[in-house]
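Chemist: Structure file structure15.pdb (PDB, C-alpha atoms, pLDDT in the B column) right here:
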MODEL        1
ATOM      1  CA  MET A 270       0.000   0.000   0.000  1.00 48.00           C
ATOM      2  CA  SER A 271       1.323   3.368  -1.006  1.00 67.00           C
ATOM      3  CA  LEU A 272       0.723   6.337   1.285  1.00 72.00           C
ATOM      4  CA  LYS A 273       0.371   9.976   0.388  1.00 85.00           C
ATOM      5  CA  GLU A 274       3.163  12.045   1.882  1.00 83.00           C
ATOM      6  CA  GLN A 275       0.861  13.855   4.315  1.00 86.00           C
ATOM      7  CA  ASP A 276      -0.655  10.544   5.483  1.00 87.00           C
ATOM      8  CA  ARG A 277       2.825   9.139   5.993  1.00 87.00           C
ATOM      9  CA  ALA A 278       3.858  12.193   8.004  1.00 91.00           C
ATOM     10  CA  THR A 279       0.741  11.855  10.175  1.00 92.00           C
ATOM     11  CA  LEU A 280       1.413   8.171  10.854  1.00 93.00           C
ATOM     12  CA  VAL A 281       5.024   8.949  11.772  1.00 95.00           C
ATOM     13  CA  LEU A 282       3.957  11.687  14.188  1.00 95.00           C
ATOM     14  CA  LEU A 283       1.275   9.501  15.785  1.00 96.00           C
ATOM     15  CA  GLY A 284       3.744   6.628  16.174  1.00 96.00           C
ATOM     16  CA  LEU A 285       6.302   8.835  17.894  1.00 97.00           C
ATOM     17  CA  GLU A 286       3.610  10.219  20.203  1.00 98.00           C
ATOM     18  CA  LYS A 287       2.587   6.656  21.051  1.00 98.00           C
ATOM     19  CA  SER A 288       6.226   5.854  21.802  1.00 98.00           C
ATOM     20  CA  ASP A 289       6.327   8.730  24.297  1.00 98.00           C
ATOM     21  CA  LYS A 290       3.076   7.522  25.872  1.00 98.00           C
ATOM     22  CA  MET A 291       4.523   4.025  26.286  1.00 98.00           C
ATOM     23  CA  LEU A 292       7.606   5.459  28.026  1.00 98.00           C
ATOM     24  CA  HIS A 293       5.368   7.394  30.414  1.00 98.00           C
ATOM     25  CA  GLU A 294       3.395   4.235  31.189  1.00 97.00           C
ATOM     26  CA  MET A 295       6.652   2.337  31.696  1.00 97.00           C
ATOM     27  CA  ASP A 296       7.830   4.920  34.247  1.00 97.00           C
ATOM     28  CA  TRP A 297       4.609   4.466  36.218  1.00 97.00           C
ATOM     29  CA  LEU A 298       4.906   0.660  36.100  1.00 96.00           C
ATOM     30  CA  ILE A 299       8.515   0.823  37.302  1.00 97.00           C
ATOM     31  CA  GLU A 300       7.386   2.936  40.264  1.00 96.00           C
ATOM     32  CA  LYS A 301       4.894   0.165  41.076  1.00 96.00           C
ATOM     33  CA  GLY A 302       7.505  -2.600  40.660  1.00 95.00           C
ATOM     34  CA  SER A 303       5.574  -4.234  37.829  1.00 94.00           C
ATOM     35  CA  TRP A 304       8.576  -5.453  35.857  1.00 94.00           C
ATOM     36  CA  SER A 305       6.871  -7.645  33.241  1.00 92.00           C
ATOM     37  CA  LEU A 306       4.482  -4.876  32.272  1.00 94.00           C
ATOM     38  CA  ALA A 307       7.282  -2.302  32.362  1.00 95.00           C
ATOM     39  CA  ALA A 308       9.282  -4.502  29.962  1.00 95.00           C
ATOM     40  CA  ASN A 309       6.225  -4.699  27.710  1.00 95.00           C
ATOM     41  CA  ARG A 310       5.828  -0.910  27.611  1.00 97.00           C
ATOM     42  CA  LEU A 311       9.572  -0.405  27.091  1.00 97.00           C
ATOM     43  CA  TYR A 312       9.540  -2.743  24.119  1.00 97.00           C
ATOM     44  CA  TYR A 313       6.448  -1.141  22.623  1.00 97.00           C
ATOM     45  CA  ALA A 314       7.921   2.341  23.053  1.00 98.00           C
ATOM     46  CA  LEU A 315      10.852   1.281  20.893  1.00 98.00           C
ATOM     47  CA  PHE A 316       8.667  -0.693  18.495  1.00 97.00           C
ATOM     48  CA  HIS A 317       6.499   2.344  17.757  1.00 97.00           C
ATOM     49  CA  ALA A 318       9.569   4.544  17.278  1.00 98.00           C
ATOM     50  CA  VAL A 319      11.116   2.024  14.868  1.00 98.00           C
ATOM     51  CA  LYS A 320       7.805   1.610  13.068  1.00 96.00           C
ATOM     52  CA  SER A 321       7.650   5.402  12.635  1.00 96.00           C
ATOM     53  CA  LEU A 322      11.207   5.373  11.307  1.00 97.00           C
ATOM     54  CA  LEU A 323      10.357   2.686   8.768  1.00 96.00           C
ATOM     55  CA  ILE A 324       7.155   4.418   7.679  1.00 94.00           C
ATOM     56  CA  ASN A 325       9.010   7.714   7.371  1.00 95.00           C
ATOM     57  CA  ASP A 326      11.375   6.152   4.856  1.00 94.00           C
ATOM     58  CA  SER A 327       8.684   4.132   3.038  1.00 92.00           C
ATOM     59  CA  HIS A 328       9.873   0.726   4.232  1.00 93.00           C
ATOM     60  CA  PRO A 329       7.257  -1.976   4.746  1.00 84.00           C
ATOM     61  CA  VAL A 330       6.134  -2.663   8.295  1.00 84.00           C
ATOM     62  CA  GLY A 331       4.524  -6.012   8.970  1.00 83.00           C
ATOM     63  CA  THR A 332       5.257  -8.237  11.925  1.00 89.00           C
ATOM     64  CA  HIS A 333       7.278  -7.434  15.023  1.00 91.00           C
ATOM     65  CA  ARG A 334      10.137  -9.640  13.816  1.00 91.00           C
ATOM     66  CA  GLY A 335       9.836  -8.048  10.401  1.00 91.00           C
ATOM     67  CA  ALA A 336      10.301  -4.619  11.956  1.00 94.00           C
ATOM     68  CA  VAL A 337      13.513  -5.820  13.635  1.00 94.00           C
ATOM     69  CA  ASN A 338      14.718  -7.245  10.311  1.00 94.00           C
ATOM     70  CA  GLN A 339      13.856  -4.064   8.398  1.00 96.00           C
ATOM     71  CA  PHE A 340      15.601  -1.960  11.064  1.00 97.00           C
ATOM     72  CA  SER A 341      18.707  -4.102  10.717  1.00 96.00           C
ATOM     73  CA  LEU A 342      18.636  -4.096   6.918  1.00 96.00           C
ATOM     74  CA  HIS A 343      18.015  -0.405   6.315  1.00 96.00           C
ATOM     75  CA  TYR A 344      19.617   1.265   9.320  1.00 97.00           C
ATOM     76  CA  VAL A 345      22.163  -1.014  10.990  1.00 97.00           C
ATOM     77  CA  LYS A 346      23.815  -2.500   7.928  1.00 97.00           C
ATOM     78  CA  THR A 347      24.050   1.014   6.452  1.00 96.00           C
ATOM     79  CA  GLY A 348      25.688   2.400   9.604  1.00 97.00           C
ATOM     80  CA  ILE A 349      22.899   4.812  10.550  1.00 97.00           C
ATOM     81  CA  PHE A 350      22.324   2.896  13.780  1.00 98.00           C
ATOM     82  CA  THR A 351      24.626   0.412  15.511  1.00 97.00           C
ATOM     83  CA  LYS A 352      24.620  -3.339  15.985  1.00 97.00           C
ATOM     84  CA  GLU A 353      24.205  -2.657  19.693  1.00 98.00           C
ATOM     85  CA  ASP A 354      20.992  -0.754  18.896  1.00 98.00           C
ATOM     86  CA  CYS A 355      19.658  -3.784  17.039  1.00 97.00           C
ATOM     87  CA  LYS A 356      20.731  -6.138  19.834  1.00 97.00           C
ATOM     88  CA  LEU A 357      18.889  -3.952  22.342  1.00 97.00           C
ATOM     89  CA  TYR A 358      15.770  -3.976  20.178  1.00 97.00           C
ATOM     90  CA  SER A 359      15.940  -7.773  19.777  1.00 95.00           C
ATOM     91  CA  ARG A 360      16.544  -8.302  23.496  1.00 95.00           C
ATOM     92  CA  LEU A 361      13.579  -6.092  24.406  1.00 96.00           C
ATOM     93  CA  GLN A 362      11.401  -8.073  22.031  1.00 94.00           C
ATOM     94  CA  GLN A 363      12.553 -11.324  23.645  1.00 91.00           C
ATOM     95  CA  LEU A 364      12.029  -9.933  27.143  1.00 92.00           C
ATOM     96  CA  ARG A 365       8.530  -8.753  26.249  1.00 92.00           C
ATOM     97  CA  GLU A 366       7.632 -12.150  24.792  1.00 89.00           C
ATOM     98  CA  GLU A 367       8.967 -13.965  27.852  1.00 87.00           C
ATOM     99  CA  GLY A 368       7.069 -11.675  30.198  1.00 80.00           C
ATOM    100  CA  ASP A 369       3.845 -11.825  28.205  1.00 80.00           C
ATOM    101  CA  TYR A 370       3.730 -15.491  27.203  1.00 84.00           C
ATOM    102  CA  ASN A 371       5.965 -17.613  29.438  1.00 80.00           C
ATOM    103  CA  CYS A 372       4.343 -18.311  32.795  1.00 77.00           C
ATOM    104  CA  ALA A 373       7.549 -19.882  34.082  1.00 74.00           C
ATOM    105  CA  ILE A 374       9.597 -16.697  33.671  1.00 78.00           C
ATOM    106  CA  ASP A 375       9.389 -13.608  35.834  1.00 84.00           C
ATOM    107  CA  VAL A 376      10.932 -10.478  34.425  1.00 87.00           C
ATOM    108  CA  GLU A 377      13.277  -9.124  37.068  1.00 89.00           C
ATOM    109  CA  GLN A 378      14.023  -5.541  38.019  1.00 93.00           C
ATOM    110  CA  GLU A 379      17.560  -5.641  36.624  1.00 93.00           C
ATOM    111  CA  ASP A 380      16.246  -7.019  33.311  1.00 91.00           C
ATOM    112  CA  VAL A 381      14.326  -3.789  32.839  1.00 94.00           C
ATOM    113  CA  GLU A 382      16.328  -1.114  34.641  1.00 95.00           C
ATOM    114  CA  ASN A 383      19.550  -1.601  32.692  1.00 95.00           C
ATOM    115  CA  LYS A 384      17.665  -1.181  29.413  1.00 97.00           C
ATOM    116  CA  VAL A 385      15.680   1.957  30.199  1.00 97.00           C
ATOM    117  CA  ASP A 386      18.354   4.592  29.521  1.00 98.00           C
ATOM    118  CA  PRO A 387      19.762   2.920  26.373  1.00 98.00           C
ATOM    119  CA  THR A 388      16.223   2.577  25.003  1.00 98.00           C
ATOM    120  CA  ARG A 389      15.367   6.210  25.741  1.00 98.00           C
ATOM    121  CA  GLU A 390      18.593   7.259  24.021  1.00 98.00           C
ATOM    122  CA  LEU A 391      17.838   5.115  20.966  1.00 98.00           C
ATOM    123  CA  ILE A 392      14.322   6.526  20.715  1.00 98.00           C
ATOM    124  CA  GLU A 393      15.730  10.056  20.879  1.00 98.00           C
ATOM    125  CA  ARG A 394      18.201   9.238  18.083  1.00 98.00           C
ATOM    126  CA  ILE A 395      15.336   7.814  16.021  1.00 98.00           C
ATOM    127  CA  LYS A 396      13.340  11.014  16.577  1.00 97.00           C
ATOM    128  CA  GLN A 397      16.341  13.086  15.548  1.00 97.00           C
ATOM    129  CA  TYR A 398      16.818  11.006  12.396  1.00 97.00           C
ATOM    130  CA  VAL A 399      13.132  11.351  11.498  1.00 96.00           C
ATOM    131  CA  SER A 400      13.235  15.096  12.178  1.00 94.00           C
ATOM    132  CA  ASN A 401      16.214  15.463   9.855  1.00 93.00           C
ATOM    133  CA  ASN A 402      14.720  13.208   7.171  1.00 89.00           C
ATOM    134  CA  LYS A 403      11.060  14.174   7.064  1.00 77.00           C
ATOM    135  CA  THR A 404       9.019  12.867   4.166  1.00 63.00           C
ATOM    136  CA  VAL A 405       6.976  16.072   4.154  1.00 48.00           C
ATOM    137  CA  THR A 406       8.326  19.545   4.660  1.00 42.00           C
ATOM    138  CA  ASN A 407       6.101  22.118   6.292  1.00 37.00           C
TER     139      ASN A 407
ENDMDL
END
Render the structure in this file as structure tokens.
Modeler:
Amino acid sequence: MSLKEQDRATLVLLGLEKSDKMLHEMDWLIEKGSWSLAANRLYYALFHAVKSLLINDSHPVGTHRGAVNQFSLHYVKTGIFTKEDCKLYSRLQQLREEGDYNCAIDVEQEDVENKVDPTRELIERIKQYVSNNKTVTN
């Protein structure tokens, strides 16, 4: 499906706003000590930022794993983002899946806390990239 430039810009903006909302929810969940849900929100904050990045540059967005693959293909292999960024994204996806679907695994505080700052930094770099590479100029 091909998007008009203004529609693409709107989707990108909405995705980045959703990313911010997820970070806010994550902060609240951390305060409550709800580590599985905090991991979920942390992952989704990054997912929505990456999805916005991909939409901004007209790359297809399908599944969650597909978004990781597209991020790696178009942004890590080209040197725009680092391998560590992709590893963080993949690890957050794994952590979210474990917390959401595996009853035998409890997400621990340290699993989440050591990923918060790197994820916030990555989201900020994604926002900066999108801001510098807008599909629509105002």
Chemist: The PyMOL selection byres ((chain A and resi 285-287) around 9) on the file shown: which residues, as a list in words?
Modeler: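 Answer for the PyMOL selection byres ((chain A and resi 285-287) around 9): Leu280, Val281, Leu282, Leu283, Gly284, Ser288, Asp289, Lys290, Met291, Leu292, Tyr313, Ala314, His317, Ala318, Val319, Lys320, Ser321, Leu322, Ile392 and Lys396 of chain A.
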Chemist: Can you tell me, as a PyMOL selection string, what residues are no more than 12 Å from Ile349 (chain A) when counting only C-alpha atoms, ignoring any on the same chain fewer than 3 positions away?
Modeler: chain A and resi 322+340-346+352-355+391+394-395+397-399
Chemist: Mind listing as a ChimeraX atom specification all residues within 12 Å of (7.3, -4.8, 36.7), counting all atoms listed in the file?
Modeler: /A:294-311,364-365,368-369,375-382
Chemist: Could you please determine the separation between CA of Asn325 (chain A) and CA of Leu357 (chain A) in Å, to one decimal place?
Modeler: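 Computed distance, CA of Asn325 (chain A) to CA of Leu357 (chain A), equals 21.4 Å.
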Chemist: Looking at A:Leu272, A:Phe350, A:Glu393, A:Arg334, which one is nearest to Gln363 (chain A), with distances taken over all atoms listed in the file?
Modeler: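 Among A:Leu272, A:Phe350, A:Glu393, A:Arg334, it is A:Arg334 that comes nearest to Gln363 (chain A).
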Chemist: Taking all atoms of region 361-367 of chain A that the file lists and extending 6 Å past them on each side, where is the centre of the axis-aligned box and how long are its edges? Answer in Å to one decimal, as JSON.
Modeler:
{"center_x": 10.6, "center_y": -10.0, "center_z": 24.9, "size_x": 17.9, "size_y": 19.9, "size_z": 17.8}
Chemist: What is the CA of Lys384 (chain A) to CA of Arg360 (chain A) distance in Å?
Modeler: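 Rounded to one decimal, the two atoms are 9.3 Å apart.
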Chemist: Could you check how far CA of Val330 (chain A) sits from CA of Asn383 (chain A), in Å to one decimal?
Modeler: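 Atom-to-atom, CA of Val330 (chain A) and CA of Asn383 (chain A) are spaced 27.9 Å apart.
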Chemist: Restricting the calculation to only C-alpha atoms: of A:Ala373, A:Ala278, A:Leu361, A:Leu315, which residue gets closest to Ser327 (chain A)?
Modeler: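 Of all the options, A:Ala278 lies closest to Ser327 (chain A).
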Chemist: Counting all atoms listed in the file, which of A:Gln362, A:Gln339, A:Glu274, A:Lys356 gets nearest to Phe316 (chain A)?
Modeler: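 For Phe316 (chain A), the nearest of the given residues is A:Gln362.
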Chemist: Please complete region 351-379 of chain A with N, CA and C atoms and give it back as an mmCIF file, in the coordinates of the input.
Modeler:
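Ended up saving to rebuild-v6.cif:
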data_model
loop_
_atom_site.group_PDB
_atom_site.id
_atom_site.type_symbol
_atom_site.label_atom_id
_atom_site.label_comp_id
_atom_site.auth_asym_id
_atom_site.auth_seq_id
_atom_site.Cartn_x
_atom_site.Cartn_y
_atom_site.Cartn_z
ATOM 1 N N THR A 351 23.575 1.390 15.220
ATOM 2 C CA THR A 351 24.626 0.412 15.511
ATOM 3 C C THR A 351 24.082 -0.996 15.707
ATOM 4 N N LYS A 352 24.987 -1.953 15.679
ATOM 5 C CA LYS A 352 24.620 -3.339 15.985
ATOM 6 C C LYS A 352 24.100 -3.448 17.414
ATOM 7 N N GLU A 353 24.667 -2.644 18.307
ATOM 8 C CA GLU A 353 24.205 -2.657 19.693
ATOM 9 C C GLU A 353 22.753 -2.188 19.786
ATOM 10 N N ASP A 354 22.381 -1.217 18.931
ATOM 11 C CA ASP A 354 20.992 -0.754 18.896
ATOM 12 C C ASP A 354 20.065 -1.898 18.499
ATOM 13 N N CYS A 355 20.471 -2.669 17.508
ATOM 14 C CA CYS A 355 19.658 -3.784 17.039
ATOM 15 C C CYS A 355 19.609 -4.891 18.089
ATOM 16 N N LYS A 356 20.717 -5.136 18.766
ATOM 17 C CA LYS A 356 20.731 -6.138 19.834
ATOM 18 C C LYS A 356 19.794 -5.730 20.966
ATOM 19 N N LEU A 357 19.787 -4.451 21.305
ATOM 20 C CA LEU A 357 18.889 -3.952 22.342
ATOM 21 C C LEU A 357 17.440 -4.167 21.929
ATOM 22 N N TYR A 358 17.131 -3.816 20.703
ATOM 23 C CA TYR A 358 15.770 -3.976 20.178
ATOM 24 C C TYR A 358 15.356 -5.453 20.223
ATOM 25 N N SER A 359 16.226 -6.335 19.763
ATOM 26 C CA SER A 359 15.940 -7.773 19.777
ATOM 27 C C SER A 359 15.773 -8.303 21.200
ATOM 28 N N ARG A 360 16.631 -7.842 22.100
ATOM 29 C CA ARG A 360 16.544 -8.302 23.496
ATOM 30 C C ARG A 360 15.252 -7.820 24.148
ATOM 31 N N LEU A 361 14.841 -6.591 23.857
ATOM 32 C CA LEU A 361 13.579 -6.092 24.406
ATOM 33 C C LEU A 361 12.399 -6.897 23.875
ATOM 34 N N GLN A 362 12.468 -7.262 22.606
ATOM 35 C CA GLN A 362 11.401 -8.073 22.031
ATOM 36 C C GLN A 362 11.336 -9.428 22.742
ATOM 37 N N GLN A 363 12.485 -10.031 22.958
ATOM 38 C CA GLN A 363 12.553 -11.324 23.645
ATOM 39 C C GLN A 363 12.039 -11.201 25.085
ATOM 40 N N LEU A 364 12.459 -10.157 25.771
ATOM 41 C CA LEU A 364 12.029 -9.933 27.143
ATOM 42 C C LEU A 364 10.518 -9.734 27.224
ATOM 43 N N ARG A 365 9.972 -8.980 26.294
ATOM 44 C CA ARG A 365 8.530 -8.753 26.249
ATOM 45 C C ARG A 365 7.792 -10.061 26.011
ATOM 46 N N GLU A 366 8.278 -10.866 25.078
ATOM 47 C CA GLU A 366 7.632 -12.150 24.792
ATOM 48 C C GLU A 366 7.696 -13.083 25.995
ATOM 49 N N GLU A 367 8.835 -13.124 26.661
ATOM 50 C CA GLU A 367 8.967 -13.965 27.852
ATOM 51 C C GLU A 367 8.000 -13.509 28.945
ATOM 52 N N GLY A 368 7.944 -12.208 29.164
ATOM 53 C CA GLY A 368 7.069 -11.675 30.198
ATOM 54 C C GLY A 368 5.600 -11.845 29.874
ATOM 55 N N ASP A 369 5.251 -11.737 28.606
ATOM 56 C CA ASP A 369 3.845 -11.825 28.205
ATOM 57 C C ASP A 369 3.353 -13.261 28.071
ATOM 58 N N TYR A 370 4.202 -14.169 27.604
ATOM 59 C CA TYR A 370 3.730 -15.491 27.203
ATOM 60 C C TYR A 370 4.263 -16.660 28.006
ATOM 61 N N ASN A 371 5.358 -16.493 28.730
ATOM 62 C CA ASN A 371 5.965 -17.613 29.438
ATOM 63 C C ASN A 371 5.662 -17.504 30.931
ATOM 64 N N CYS A 372 4.762 -18.336 31.387
ATOM 65 C CA CYS A 372 4.343 -18.311 32.795
ATOM 66 C C CYS A 372 5.457 -18.734 33.747
ATOM 67 N N ALA A 373 6.463 -19.391 33.235
ATOM 68 C CA ALA A 373 7.549 -19.882 34.082
ATOM 69 C C ALA A 373 8.646 -18.839 34.281
ATOM 70 N N ILE A 374 8.552 -17.719 33.587
ATOM 71 C CA ILE A 374 9.597 -16.697 33.671
ATOM 72 C C ILE A 374 9.020 -15.423 34.264
ATOM 73 N N ASP A 375 9.720 -14.910 35.275
ATOM 74 C CA ASP A 375 9.389 -13.608 35.834
ATOM 75 C C ASP A 375 10.443 -12.619 35.364
ATOM 76 N N VAL A 376 10.001 -11.534 34.808
ATOM 77 C CA VAL A 376 10.932 -10.478 34.425
ATOM 78 C C VAL A 376 11.389 -9.803 35.707
ATOM 79 N N GLU A 377 12.692 -9.681 35.846
ATOM 80 C CA GLU A 377 13.277 -9.124 37.068
ATOM 81 C C GLU A 377 13.591 -7.642 36.889
ATOM 82 N N GLN A 378 13.729 -6.970 37.999
ATOM 83 C CA GLN A 378 14.023 -5.541 38.019
ATOM 84 C C GLN A 378 15.245 -5.202 37.179
ATOM 85 N N GLU A 379 16.326 -5.948 37.360
ATOM 86 C CA GLU A 379 17.560 -5.641 36.624
ATOM 87 C C GLU A 379 17.418 -5.884 35.120
#
